$ cat upload-v6.cif   # mmCIF, C-alpha atoms
data_entry
#
loop_
_atom_site.label_atom_id
_atom_site.label_comp_id
_atom_site.auth_asym_id
_atom_site.auth_seq_id
_atom_site.Cartn_x
_atom_site.Cartn_y
_atom_site.Cartn_z
CA MET A 180 -77.13 -74.34 61.44
CA PRO A 181 -74.98 -75.57 64.37
CA ARG A 182 -71.93 -77.52 63.30
CA HIS A 183 -73.00 -80.70 65.14
CA GLN A 184 -76.22 -80.84 63.08
CA LYS A 185 -74.62 -80.65 59.68
CA SER A 186 -74.08 -84.40 59.28
CA TYR A 187 -77.46 -85.58 60.54
CA HIS A 188 -78.65 -86.20 57.01
CA LEU A 189 -75.74 -88.63 56.54
CA ILE A 190 -76.79 -90.61 59.61
CA PHE A 191 -80.39 -90.80 58.45
CA PHE A 192 -79.28 -91.67 54.94
CA PHE A 193 -77.05 -94.47 56.18
CA LEU A 194 -80.02 -95.98 58.04
CA GLN A 195 -82.67 -95.59 55.32
CA PRO A 196 -81.73 -93.78 52.08
CA PHE A 197 -85.12 -93.80 50.34
CA PHE A 198 -87.16 -92.27 53.16
CA THR A 199 -84.37 -89.77 53.83
CA LEU A 200 -84.64 -88.75 50.19
CA LEU A 201 -88.41 -88.32 50.46
CA TYR A 202 -88.00 -86.12 53.54
CA TYR A 203 -85.47 -83.85 51.84
CA LEU A 204 -87.49 -83.65 48.64
CA LYS A 205 -90.39 -82.38 50.72
CA ASN A 206 -88.02 -79.98 52.50
CA PHE A 207 -86.00 -79.11 49.43
CA ARG A 208 -84.86 -75.76 50.82
CA LYS A 209 -82.69 -77.44 53.46
CA PRO A 210 -78.97 -77.04 52.60
CA ALA A 211 -78.35 -80.78 52.54
CA ALA A 212 -81.23 -81.59 50.18
CA LYS A 213 -79.38 -81.60 46.86
CA ASN A 214 -76.55 -83.68 48.32
CA VAL A 215 -79.05 -86.23 49.61
CA MET A 216 -80.37 -86.46 46.04
CA TRP A 217 -76.80 -86.99 44.85
CA LEU A 218 -76.16 -89.66 47.48
CA PHE A 219 -79.35 -91.48 46.62
CA THR A 220 -78.39 -91.60 42.95
CA VAL A 221 -75.14 -93.29 43.97
CA PHE A 222 -77.09 -95.68 46.22
CA TYR A 223 -79.49 -96.42 43.36
CA ALA A 224 -76.43 -97.24 41.22
CA ALA A 225 -75.09 -99.54 43.95
CA THR A 226 -78.40 -101.42 44.01
CA PHE A 227 -78.87 -101.29 40.23
CA ALA A 228 -80.84 -104.16 38.72
CA ILE A 229 -80.62 -105.21 35.10
CA GLY A 230 -84.15 -106.29 34.30
CA ALA A 231 -85.19 -108.68 31.56
CA GLU A 232 -86.23 -105.77 29.33
CA ASN A 233 -82.75 -104.27 29.71
CA ALA A 234 -80.90 -107.43 28.71
CA GLY A 235 -79.84 -105.88 25.41
CA SER A 236 -79.19 -102.35 26.66
CA ASP A 237 -75.93 -100.42 26.68
CA ILE A 238 -75.45 -100.90 30.43
CA VAL A 239 -75.02 -104.67 29.93
CA ARG A 240 -72.21 -104.07 27.47
CA TYR A 241 -70.57 -101.53 29.79
CA VAL A 242 -70.62 -103.99 32.70
CA ALA A 243 -69.15 -106.77 30.57
CA GLU A 244 -66.42 -104.49 29.24
CA VAL A 245 -64.92 -104.06 32.71
CA SER A 246 -64.38 -107.81 33.04
CA TYR A 247 -62.94 -107.94 29.52
CA LEU A 248 -60.46 -105.13 30.17
CA ASN A 249 -59.49 -106.56 33.55
CA HIS A 250 -58.54 -109.92 32.03
CA LEU A 251 -56.93 -108.22 29.05
CA ASN A 252 -54.69 -106.32 31.51
CA VAL A 253 -53.86 -103.50 29.08
CA ASP A 254 -51.49 -100.62 29.81
CA VAL A 255 -52.04 -97.01 28.77
CA ASN A 256 -50.79 -97.65 25.23
CA GLY A 257 -53.11 -100.64 25.03
CA LEU A 258 -55.97 -98.48 26.22
CA VAL A 259 -55.33 -95.96 23.43
CA ALA A 260 -55.33 -98.76 20.85
CA TYR A 261 -58.51 -100.20 22.38
CA TYR A 262 -60.20 -96.79 22.26
CA ILE A 263 -59.28 -96.29 18.61
CA ASP A 264 -60.53 -99.76 17.70
CA SER A 265 -63.81 -99.16 19.54
CA GLY A 266 -64.80 -96.51 17.00
CA GLU A 267 -66.12 -94.18 19.71
CA PHE A 268 -65.62 -90.46 19.28
CA ASP A 269 -65.94 -89.48 22.95
CA ILE A 270 -63.66 -90.86 25.63
CA LEU A 271 -65.21 -90.65 29.12
CA ARG A 272 -66.98 -94.00 29.29
CA THR A 273 -64.00 -95.97 27.93
CA LEU A 274 -61.65 -94.21 30.35
CA LEU A 275 -63.91 -94.95 33.31
CA ALA A 276 -64.22 -98.61 32.30
CA TYR A 277 -60.44 -98.88 32.10
CA LEU A 278 -59.87 -97.23 35.49
CA VAL A 279 -62.39 -99.52 37.20
CA SER A 280 -60.93 -102.57 35.46
CA THR A 281 -57.52 -101.90 37.03
CA PHE A 282 -58.80 -103.01 40.46
CA THR A 283 -61.79 -105.30 39.74
CA ASP A 284 -63.48 -107.41 37.10
CA ASN A 285 -66.94 -106.65 38.51
CA GLY A 286 -68.61 -104.21 36.15
CA PHE A 287 -71.21 -103.18 38.73
CA TYR A 288 -68.54 -100.97 40.32
CA LEU A 289 -68.54 -99.02 37.08
CA ILE A 290 -72.27 -98.33 37.56
CA ILE A 291 -71.46 -96.80 40.96
CA VAL A 292 -68.93 -94.50 39.29
CA PHE A 293 -71.61 -93.62 36.75
CA GLY A 294 -73.93 -92.81 39.66
CA VAL A 295 -71.41 -90.44 41.24
CA ILE A 296 -71.03 -88.45 38.02
CA TYR A 297 -74.65 -88.59 36.87
CA GLY A 298 -76.01 -87.84 40.34
CA TYR A 299 -73.88 -84.74 40.74
CA PHE A 300 -75.07 -83.05 37.57
CA PHE A 301 -78.67 -84.25 37.99
CA SER A 302 -78.95 -82.87 41.53
CA ARG A 303 -77.30 -79.57 40.61
CA ASN A 304 -79.65 -79.03 37.67
CA MET A 305 -82.75 -79.79 39.72
CA TRP A 306 -81.76 -77.48 42.55
CA TYR A 307 -80.72 -74.73 40.18
CA VAL A 308 -84.45 -74.41 39.52
CA LEU A 309 -85.68 -75.26 43.02
CA ASP A 310 -83.42 -72.65 44.64
CA ARG A 311 -85.15 -69.96 42.57
CA LEU A 312 -88.70 -70.79 43.61
CA GLN A 313 -90.22 -68.07 45.78
CA GLY A 314 -92.89 -68.22 48.44
CA ARG A 315 -95.17 -71.09 49.36
CA ILE A 316 -95.16 -73.76 46.67
CA LYS A 317 -98.40 -73.92 44.68
CA ILE A 318 -100.08 -77.24 43.94
CA PHE A 319 -99.55 -76.97 40.19
CA THR A 320 -95.90 -76.06 40.78
CA LYS A 321 -95.48 -79.34 42.65
CA ILE A 322 -96.79 -81.21 39.60
CA LEU A 323 -94.36 -79.35 37.35
CA VAL A 324 -91.44 -80.04 39.69
CA ILE A 325 -92.22 -83.77 39.67
CA CYS A 326 -92.24 -83.64 35.86
CA LEU A 327 -88.92 -81.79 35.98
CA PHE A 328 -87.38 -84.65 37.97
CA LEU A 329 -88.81 -87.24 35.59
CA VAL A 330 -87.91 -85.80 32.19
CA ILE A 331 -84.33 -87.11 32.44
CA PRO A 332 -84.58 -89.10 35.70
CA ILE A 333 -81.91 -90.93 37.66
CA TRP A 334 -82.82 -94.28 36.06
CA ASN A 335 -81.69 -92.89 32.72
CA LEU A 336 -78.32 -93.86 34.12
CA ASN A 337 -79.03 -96.98 32.06
CA GLY A 338 -77.96 -94.93 29.01
CA PHE A 339 -75.04 -93.25 30.75
CA ARG A 340 -73.31 -91.56 27.85
CA PHE A 341 -76.17 -89.63 26.27
CA TRP A 342 -78.15 -88.77 29.40
CA THR A 343 -75.09 -87.73 31.38
CA GLY A 344 -74.20 -85.57 28.40
CA ALA A 345 -77.70 -84.07 28.56
CA HIS A 346 -77.34 -83.06 32.20
CA ILE A 347 -73.81 -81.72 31.70
CA PHE A 348 -75.02 -79.66 28.74
CA VAL A 349 -77.89 -78.21 30.82
CA PHE A 350 -75.49 -77.70 33.75
CA GLY A 351 -73.44 -75.36 31.57
CA LEU A 352 -76.44 -73.77 29.90
CA LEU A 353 -78.58 -72.66 32.88
CA PRO A 354 -76.00 -70.33 34.49
CA PHE A 355 -75.44 -68.74 31.08
CA LEU A 356 -79.13 -68.13 30.48
CA PHE A 357 -79.90 -66.92 33.99
CA GLU A 358 -76.69 -65.17 35.00
CA ARG A 359 -74.87 -64.51 31.72
CA LYS A 360 -71.96 -66.65 32.89
CA LYS A 361 -70.32 -67.35 29.56
CA ARG A 362 -67.57 -69.35 31.24
CA SER A 363 -70.14 -72.01 32.15
CA LEU A 364 -70.59 -72.76 28.44
CA ILE A 365 -67.31 -74.69 28.58
CA TRP A 366 -69.42 -77.59 29.88
CA CYS A 367 -71.55 -77.41 26.74
CA LEU A 368 -68.48 -77.33 24.52
CA ILE A 369 -66.71 -80.33 26.05
CA THR A 370 -69.82 -82.55 26.17
CA PRO A 371 -69.62 -83.88 22.57
CA PHE A 372 -65.90 -84.60 22.82
CA VAL A 373 -65.83 -86.15 26.28
CA VAL A 374 -69.28 -87.61 27.04
CA HIS A 375 -71.34 -88.22 23.86
CA TYR A 376 -70.43 -87.20 20.33
CA SER A 377 -74.04 -86.49 19.26
CA PHE A 378 -74.05 -83.30 21.33
CA ILE A 379 -72.05 -81.65 18.62
CA VAL A 380 -75.42 -80.87 17.01
CA THR A 381 -76.51 -78.95 20.12
CA LEU A 382 -73.72 -76.48 19.44
CA VAL A 383 -75.67 -75.33 16.37
CA PRO A 384 -78.63 -73.72 18.22
CA LEU A 385 -76.23 -72.51 20.91
CA GLY A 386 -74.04 -70.85 18.27
CA VAL A 387 -77.09 -69.31 16.56
CA TYR A 388 -78.26 -67.89 19.88
CA LEU A 389 -74.82 -66.47 20.72
CA ILE A 390 -74.79 -64.69 17.35
CA LEU A 391 -78.41 -63.47 17.16
CA GLY A 392 -79.27 -63.03 20.84
CA ASN A 393 -82.85 -62.70 22.07
CA ARG A 394 -84.72 -62.54 18.74
CA ILE A 395 -87.84 -63.99 20.32
CA LYS A 396 -90.19 -63.17 17.43
CA LEU A 397 -87.88 -64.88 14.95
CA TYR A 398 -87.48 -67.94 17.19
CA TYR A 399 -91.24 -68.13 17.68
CA VAL A 400 -91.80 -68.28 13.91
CA VAL A 401 -89.11 -70.94 13.54
CA PHE A 402 -90.69 -72.90 16.40
CA ILE A 403 -94.10 -72.83 14.74
CA LEU A 404 -92.62 -73.96 11.43
CA SER A 405 -90.76 -76.81 13.14
CA LEU A 406 -94.06 -78.21 14.41
CA PHE A 407 -95.26 -78.69 10.84
CA ALA A 408 -92.01 -79.38 9.02
CA SER A 409 -90.10 -81.55 11.49
CA THR A 410 -88.39 -83.80 8.94
CA ILE A 411 -84.82 -83.86 7.71
CA ASN A 412 -83.87 -84.73 4.14
CA ILE A 413 -81.80 -87.68 5.30
CA ALA A 414 -79.93 -88.12 2.01
CA LYS A 415 -78.67 -84.52 2.04
CA PHE A 416 -77.98 -84.75 5.76
CA ASN A 417 -75.86 -87.88 5.26
CA SER A 418 -74.00 -86.24 2.41
CA PHE A 419 -73.18 -83.24 4.61
CA VAL A 420 -71.97 -85.40 7.51
CA GLU A 421 -69.84 -87.63 5.30
CA THR A 422 -68.28 -84.61 3.58
CA TYR A 423 -67.49 -82.37 6.55
CA ALA A 424 -67.51 -84.48 9.72
CA PRO A 425 -64.34 -86.24 10.97
CA GLU A 426 -64.13 -89.79 9.62
CA ASN A 427 -64.41 -91.33 13.10
CA LEU A 428 -67.57 -89.31 13.84
CA ALA A 429 -69.13 -90.14 10.47
CA ASP A 430 -68.49 -93.86 10.95
CA ARG A 431 -69.76 -93.84 14.52
CA SER A 432 -73.01 -92.09 13.58
CA SER A 433 -73.76 -94.13 10.45
CA SER A 434 -76.18 -96.48 12.22
CA TYR A 435 -78.25 -93.51 13.41
CA ARG A 436 -78.36 -92.03 9.90
CA SER A 437 -79.52 -95.16 8.08
CA GLU A 438 -82.08 -94.15 5.45
CA GLU A 439 -83.96 -97.42 5.97
CA LEU A 440 -84.23 -96.84 9.72
CA VAL A 441 -85.37 -93.28 9.17
CA LYS A 442 -88.04 -94.46 6.76
CA ASP A 443 -89.29 -97.07 9.24
CA LEU A 444 -89.34 -94.52 12.05
CA ARG A 445 -91.36 -92.01 10.04
CA GLU A 446 -93.81 -94.71 8.93
CA GLY A 447 -94.26 -95.92 12.51
CA GLU A 448 -92.59 -99.27 11.81
CA GLY A 449 -89.32 -98.73 13.66
CA LYS A 450 -88.23 -100.57 16.79
CA TYR A 451 -89.08 -97.49 18.88
CA ASP A 452 -92.76 -98.12 18.11
CA THR A 453 -93.31 -101.83 17.66
CA ASP A 454 -91.61 -102.99 20.86
CA ARG A 455 -93.47 -100.64 23.19
CA VAL A 456 -96.98 -100.71 24.66
CA TRP A 457 -99.23 -97.77 23.81
CA TYR A 458 -98.66 -95.74 26.98
CA ALA A 459 -94.87 -96.07 26.64
CA LYS A 460 -95.15 -94.78 23.08
CA TYR A 461 -97.18 -91.71 23.89
CA TYR A 462 -96.40 -90.51 27.41
CA ASP A 463 -93.48 -88.38 26.24
CA VAL A 464 -95.50 -87.21 23.22
CA VAL A 465 -98.23 -86.06 25.62
CA LEU A 466 -95.65 -84.07 27.58
CA LYS A 467 -94.25 -82.50 24.42
CA TYR A 468 -97.58 -81.16 23.21
CA THR A 469 -98.65 -80.07 26.68
CA LEU A 470 -95.48 -78.01 27.01
CA THR A 471 -95.89 -76.74 23.45
CA ALA A 472 -99.34 -75.42 24.41
CA PHE A 473 -97.77 -73.54 27.31
CA LEU A 474 -95.04 -72.05 25.12
CA LEU A 475 -97.57 -70.84 22.56
CA PHE A 476 -99.73 -69.41 25.33
CA PHE A 477 -96.84 -67.65 27.05
CA TYR A 478 -95.64 -66.02 23.88
CA ARG A 479 -99.09 -64.82 22.83
CA SER A 480 -100.22 -63.65 26.27
CA PHE A 481 -97.15 -62.67 28.27
CA ARG A 482 -94.40 -61.75 25.84
CA LYS A 483 -94.52 -58.10 26.96
CA THR A 484 -94.21 -59.10 30.61
CA ILE A 485 -91.42 -61.55 29.84
CA ALA A 486 -89.59 -58.94 27.76
CA THR A 487 -89.08 -56.87 30.93
CA ASN A 488 -87.40 -59.77 32.75
CA LYS A 489 -84.00 -60.50 31.20
CA GLU A 490 -83.69 -63.94 32.78
CA LEU A 491 -87.05 -65.18 31.50
CA LEU A 492 -86.50 -63.52 28.13
CA ARG A 493 -83.19 -65.30 27.62
CA LEU A 494 -84.64 -68.61 28.74
CA LEU A 495 -87.77 -68.43 26.58
CA SER A 496 -85.80 -67.23 23.54
CA PHE A 497 -83.34 -70.10 23.76
CA ILE A 498 -86.10 -72.64 24.47
CA LEU A 499 -88.02 -71.67 21.33
CA LEU A 500 -84.84 -71.93 19.28
CA PHE A 501 -83.61 -75.19 20.83
CA TYR A 502 -87.05 -76.81 20.68
CA SER A 503 -87.15 -76.02 16.96
CA PHE A 504 -83.92 -77.94 16.41
CA ALA A 505 -85.13 -80.78 18.65
CA ASN A 506 -88.38 -81.06 16.66
CA VAL A 507 -86.42 -81.46 13.46
CA LEU A 508 -83.92 -83.91 14.96
CA SER A 509 -86.78 -86.05 16.28
CA SER A 510 -87.39 -87.30 12.75
CA ILE A 511 -84.20 -89.40 12.75
CA PRO A 512 -83.41 -92.45 14.95
CA SER A 513 -82.38 -91.45 18.49
CA GLY A 514 -82.83 -87.79 17.56
CA PHE A 515 -86.01 -87.73 19.64
CA ARG A 516 -83.82 -87.79 22.76
CA PHE A 517 -83.00 -84.13 22.26
CA LEU A 518 -86.67 -83.38 22.93
CA SER A 519 -86.05 -84.40 26.54
CA ILE A 520 -83.48 -81.62 26.87
CA ALA A 521 -85.94 -79.17 25.34
CA ASN A 522 -88.61 -80.39 27.75
CA LEU A 523 -86.27 -80.00 30.72
CA LEU A 524 -85.52 -76.40 29.77
CA THR A 525 -89.20 -75.69 29.10
CA LEU A 526 -90.29 -77.10 32.44
CA SER A 527 -87.64 -74.98 34.16
CA PHE A 528 -89.10 -71.87 32.55
CA ILE A 529 -92.77 -72.72 33.18
CA THR A 530 -92.14 -73.78 36.78
CA LEU A 531 -90.35 -70.56 37.64
CA TYR A 532 -92.90 -68.36 35.92
CA LEU A 533 -96.00 -69.99 37.38
CA GLN A 534 -94.55 -70.05 40.89
CA ASN A 535 -92.97 -66.60 41.03
CA TYR A 536 -95.42 -64.49 39.02
CA ILE A 537 -99.14 -63.70 39.06
CA PHE A 538 -101.35 -66.65 38.16
CA LYS A 539 -103.85 -65.03 35.76
CA ARG A 540 -107.24 -66.53 34.94
CA ASP A 541 -106.44 -67.82 31.43
CA LEU A 542 -103.24 -69.39 32.69
CA TYR A 543 -105.16 -71.02 35.53
CA ARG A 544 -107.56 -72.56 32.99
CA LEU A 545 -104.71 -73.87 30.89
CA SER A 546 -103.10 -75.37 33.99
CA LYS A 547 -106.32 -77.20 34.87
CA ILE A 548 -106.55 -78.61 31.34
CA ALA A 549 -102.87 -79.62 31.41
CA THR A 550 -103.00 -81.34 34.81
CA PRO A 551 -104.40 -84.75 33.72
CA PHE A 552 -101.90 -84.92 30.85
CA LEU A 553 -98.99 -84.14 33.17
CA LEU A 554 -100.24 -86.70 35.69
CA PHE A 555 -100.37 -89.28 32.90
CA PHE A 556 -96.74 -88.48 32.06
CA ILE A 557 -95.74 -88.75 35.74
CA LEU A 558 -97.46 -92.12 36.15
CA ILE A 559 -95.81 -93.70 33.11
CA ALA A 560 -92.42 -92.09 33.78
CA PHE A 561 -92.38 -93.67 37.24
CA ARG A 562 -93.38 -96.96 35.61
CA GLN A 563 -90.17 -96.84 33.54
CA SER A 564 -88.11 -96.93 36.74
CA TRP A 565 -89.21 -100.50 37.49
CA TYR A 566 -86.79 -101.91 34.94
CA SER A 567 -83.69 -100.97 36.96
CA ILE A 568 -84.80 -100.06 40.48
CA SER A 569 -84.59 -102.95 42.92
CA VAL A 570 -86.40 -103.60 46.19
CA MET A 571 -83.11 -102.94 47.95
CA ALA A 572 -83.09 -99.37 46.61
CA LEU A 573 -86.39 -98.74 48.40
CA ILE A 574 -86.08 -100.66 51.66
CA GLY A 575 -82.35 -101.25 52.05
CA ASN A 576 -79.36 -99.23 53.19
CA PRO A 577 -75.64 -99.22 52.33
CA ILE A 578 -74.96 -102.24 54.58
CA THR A 579 -77.69 -104.43 53.12
CA ALA A 580 -76.74 -103.26 49.64
CA ILE A 581 -73.31 -104.83 50.08
CA MET A 582 -74.94 -108.21 50.65
CA THR A 583 -76.83 -108.12 47.35
CA PHE A 584 -74.32 -106.13 45.29
CA GLY A 585 -74.50 -107.10 41.62
CA GLU A 586 -77.33 -109.58 42.23
CA ASN A 587 -80.39 -107.35 42.57
CA ILE A 588 -83.63 -108.12 40.76
CA SER A 589 -85.68 -105.32 39.20
CA LEU A 590 -89.12 -104.42 40.53
CA ASN A 591 -90.56 -105.18 37.11
CA ASP A 592 -89.19 -108.74 37.10
CA ILE A 593 -90.47 -109.34 40.64
CA ILE A 594 -93.96 -108.06 39.80
CA LYS A 595 -94.13 -110.11 36.60
CA SER A 596 -93.17 -113.24 38.51
CA LEU A 597 -96.04 -112.90 41.00
#
$ encode --input "upload-v6.cif" --output "structure tokens"
Amino acid sequence: MPRHQKSYHLIFFFLQPFFTLLYYLKNFRKPAAKNVMWLFTVFYAATFAIGAENAGSDIVRYVAEVSYLNHLNVDVNGLVAYYIDSGEFDILRTLLAYLVSTFTDNGFYLIIVFGVIYGYFFSRNMWYVLDRLQGRIKIFTKILVICLFLVIPIWNLNGFRFWTGAHIFVFGLLPFLFERKKRSLIWCLITPFVVHYSFIVTLVPLGVYLILGNRIKLYYVVFILSLFASTINIAKFNSFVETYAPENLADRSSSYRSEELVKDLREGEGKYDTDRVWYAKYYDVVLKYTLTAFLLFFYRSFRKTIATNKELLRLLSFILLFYSFANVLSSIPSGFRFLSIANLLTLSFITLYLQNYIFKRDLYRLSKIATPFLLFFILIAFRQSWYSISVMALIGNPITAIMTFGENISLNDIIKSL
């Protein structure tokens, strides 16, 4: 590409970010595509709207903390004391809030910083898969790719700590599974200590895989069992955590390990069920069982073919193992979030296989059956974006975003007011 053409995407983006994004998503093989995705995530953060449904979310507390720290005017020693008093095990979010607070009391600048970090890892994970797609893209592959973008989408920025941790974990994992780059696992190792402490549990399946390797038959049996026995003995689990985990980590995780909350969740009486309409309750469940059907089908029908491809063998082996852990963790509050990571990995595998290998008749039938379920997931996943995406994110540009900075209204609030 001639040098004078390299910055054209920046000009187009400056004029109209959303339509520039759509163009580069359609032409995802262009070199600038993943950076346009990154830029749009930052722009989305700059036009972020806190909708009525998000009034009690973590992002509200993060925004308010910047103003608090700015007026508190703490030094580094004060920051350390503040971090210790906060009870948090990981440090990134607190450090970012402090750095932003040194030059402003407007917490919406912190969301932009979140967008820079989140957008980088999100775009790199998406294009790690897209860059490996061969030939003309099939229709069903397009559906899978859309699902891939929506499993942990950019609007999950609302829960910055966990979902950024998810993308950083996957960022370190994919090069290891595909290219045997063990050095990339450093990203997986630092995630629980820097971004979100709960990712310490993800080191368990990773450690098991590093020790046992590609024992795909064993992982398949464990996966099947996890579908029928996906409950943790919460009393024994709490005893283990309180005995062996660092005191700070045990205290920080106590609210997630509450036996009363676990009981309510398993009986369908927890807040994750009662406060959500039916389609919001089940759209991710529909995706889980659709992908489970694919995993069972692939193992039964194509395990010999997959065994000859080291990349696919490593990916499928780890997916079966990780999904087993995620199924079990889903029986405790907030543990269901690990299913999204399992789904992201599974979609990566299915997308690559269905695009790059022969589409046999039985697989074609399964894809036709799965299509309406995946479309249902896509529809509802997009619906979730309304709570934080503003009109300015869709029709504005960086100049107009300055005029409404920190005062945007969510699409959901606008629609409800009509």
$ resolve_selection --input "upload-v6.cif" --expression "the PyMOL selection byres ((chain A and resi 594) around 12)" --output "PyMOL selection string"
chain A and resi 230+562+565-566+569-570+588-593+595-597
$ resolve_selection --input "upload-v6.cif" --expression "the PyMOL selection byres ((chain A and resi 353-367) around 12)" --output "CSV table (one decimal) with C-alpha atoms, in the frame of the given file"
chain,number,residue,atom,x,y,z
A,300,PHE,CA,-75.1,-83.0,37.6
A,303,ARG,CA,-77.3,-79.6,40.6
A,304,ASN,CA,-79.6,-79.0,37.7
A,305,MET,CA,-82.8,-79.8,39.7
A,306,TRP,CA,-81.8,-77.5,42.6
A,307,TYR,CA,-80.7,-74.7,40.2
A,308,VAL,CA,-84.4,-74.4,39.5
A,311,ARG,CA,-85.2,-70.0,42.6
A,343,THR,CA,-75.1,-87.7,31.4
A,344,GLY,CA,-74.2,-85.6,28.4
A,345,ALA,CA,-77.7,-84.1,28.6
A,346,HIS,CA,-77.3,-83.1,32.2
A,347,ILE,CA,-73.8,-81.7,31.7
A,348,PHE,CA,-75.0,-79.7,28.7
A,349,VAL,CA,-77.9,-78.2,30.8
A,350,PHE,CA,-75.5,-77.7,33.8
A,351,GLY,CA,-73.4,-75.4,31.6
A,352,LEU,CA,-76.4,-73.8,29.9
A,368,LEU,CA,-68.5,-77.3,24.5
A,369,ILE,CA,-66.7,-80.3,26.0
A,370,THR,CA,-69.8,-82.6,26.2
A,371,PRO,CA,-69.6,-83.9,22.6
A,372,PHE,CA,-65.9,-84.6,22.8
A,373,VAL,CA,-65.8,-86.2,26.3
A,374,VAL,CA,-69.3,-87.6,27.0
A,375,HIS,CA,-71.3,-88.2,23.9
A,376,TYR,CA,-70.4,-87.2,20.3
A,378,PHE,CA,-74.0,-83.3,21.3
A,379,ILE,CA,-72.0,-81.6,18.6
A,380,VAL,CA,-75.4,-80.9,17.0
A,381,THR,CA,-76.5,-79.0,20.1
A,382,LEU,CA,-73.7,-76.5,19.4
A,383,VAL,CA,-75.7,-75.3,16.4
A,384,PRO,CA,-78.6,-73.7,18.2
A,385,LEU,CA,-76.2,-72.5,20.9
A,386,GLY,CA,-74.0,-70.8,18.3
A,388,TYR,CA,-78.3,-67.9,19.9
A,389,LEU,CA,-74.8,-66.5,20.7
A,392,GLY,CA,-79.3,-63.0,20.8
A,393,ASN,CA,-82.8,-62.7,22.1
A,488,ASN,CA,-87.4,-59.8,32.8
A,489,LYS,CA,-84.0,-60.5,31.2
A,490,GLU,CA,-83.7,-63.9,32.8
A,491,LEU,CA,-87.0,-65.2,31.5
A,492,LEU,CA,-86.5,-63.5,28.1
A,493,ARG,CA,-83.2,-65.3,27.6
A,494,LEU,CA,-84.6,-68.6,28.7
A,495,LEU,CA,-87.8,-68.4,26.6
A,496,SER,CA,-85.8,-67.2,23.5
A,497,PHE,CA,-83.3,-70.1,23.8
A,498,ILE,CA,-86.1,-72.6,24.5
A,520,ILE,CA,-83.5,-81.6,26.9
A,523,LEU,CA,-86.3,-80.0,30.7
A,524,LEU,CA,-85.5,-76.4,29.8
A,525,THR,CA,-89.2,-75.7,29.1
A,527,SER,CA,-87.6,-75.0,34.2
A,528,PHE,CA,-89.1,-71.9,32.6
A,531,LEU,CA,-90.4,-70.6,37.6
$ atom_distance --input "upload-v6.cif" --atom1 "CA of Ile529 (chain A)" --atom2 "CA of Phe473 (chain A)"
7.8 Å
$ closest_residue --input "upload-v6.cif" --among "A:Ala225, A:Met582, A:Gly338, A:Asn535" --to "Ser513 (chain A)" --atoms "all atoms listed in the file"
A:Gly338
$ residues_around --input "upload-v6.cif" --residues "Ala276 (chain A)" --least-positions-apart "5" --cutoff "8 Å" --atoms "all atoms listed in the file" --output "list in words"
Tyr241, Glu244, Val245, Leu248 and Leu289 of chain A
$ residues_around --input "upload-v6.cif" --residues "region 574-581 of chain A" --least-positions-apart "6" --cutoff "12 Å" --atoms "all atoms listed in the file" --output "mmCIF file with C-alpha atoms, in the coordinates of the input"
data_model
loop_
_atom_site.group_PDB
_atom_site.id
_atom_site.type_symbol
_atom_site.label_atom_id
_atom_site.label_comp_id
_atom_site.auth_asym_id
_atom_site.auth_seq_id
_atom_site.Cartn_x
_atom_site.Cartn_y
_atom_site.Cartn_z
ATOM 1 C CA LEU A 189 -75.740 -88.630 56.540
ATOM 2 C CA ILE A 190 -76.790 -90.610 59.610
ATOM 3 C CA PHE A 191 -80.390 -90.800 58.450
ATOM 4 C CA PHE A 192 -79.280 -91.670 54.940
ATOM 5 C CA PHE A 193 -77.050 -94.470 56.180
ATOM 6 C CA LEU A 194 -80.020 -95.980 58.040
ATOM 7 C CA GLN A 195 -82.670 -95.590 55.320
ATOM 8 C CA PRO A 196 -81.730 -93.780 52.080
ATOM 9 C CA PHE A 197 -85.120 -93.800 50.340
ATOM 10 C CA PHE A 198 -87.160 -92.270 53.160
ATOM 11 C CA THR A 199 -84.370 -89.770 53.830
ATOM 12 C CA LEU A 218 -76.160 -89.660 47.480
ATOM 13 C CA PHE A 219 -79.350 -91.480 46.620
ATOM 14 C CA VAL A 221 -75.140 -93.290 43.970
ATOM 15 C CA PHE A 222 -77.090 -95.680 46.220
ATOM 16 C CA TYR A 223 -79.490 -96.420 43.360
ATOM 17 C CA ALA A 224 -76.430 -97.240 41.220
ATOM 18 C CA ALA A 225 -75.090 -99.540 43.950
ATOM 19 C CA THR A 226 -78.400 -101.420 44.010
ATOM 20 C CA PHE A 227 -78.870 -101.290 40.230
ATOM 21 C CA ALA A 228 -80.840 -104.160 38.720
ATOM 22 C CA PHE A 287 -71.210 -103.180 38.730
ATOM 23 C CA TYR A 288 -68.540 -100.970 40.320
ATOM 24 C CA ILE A 568 -84.800 -100.060 40.480
ATOM 25 C CA ASN A 587 -80.390 -107.350 42.570
#
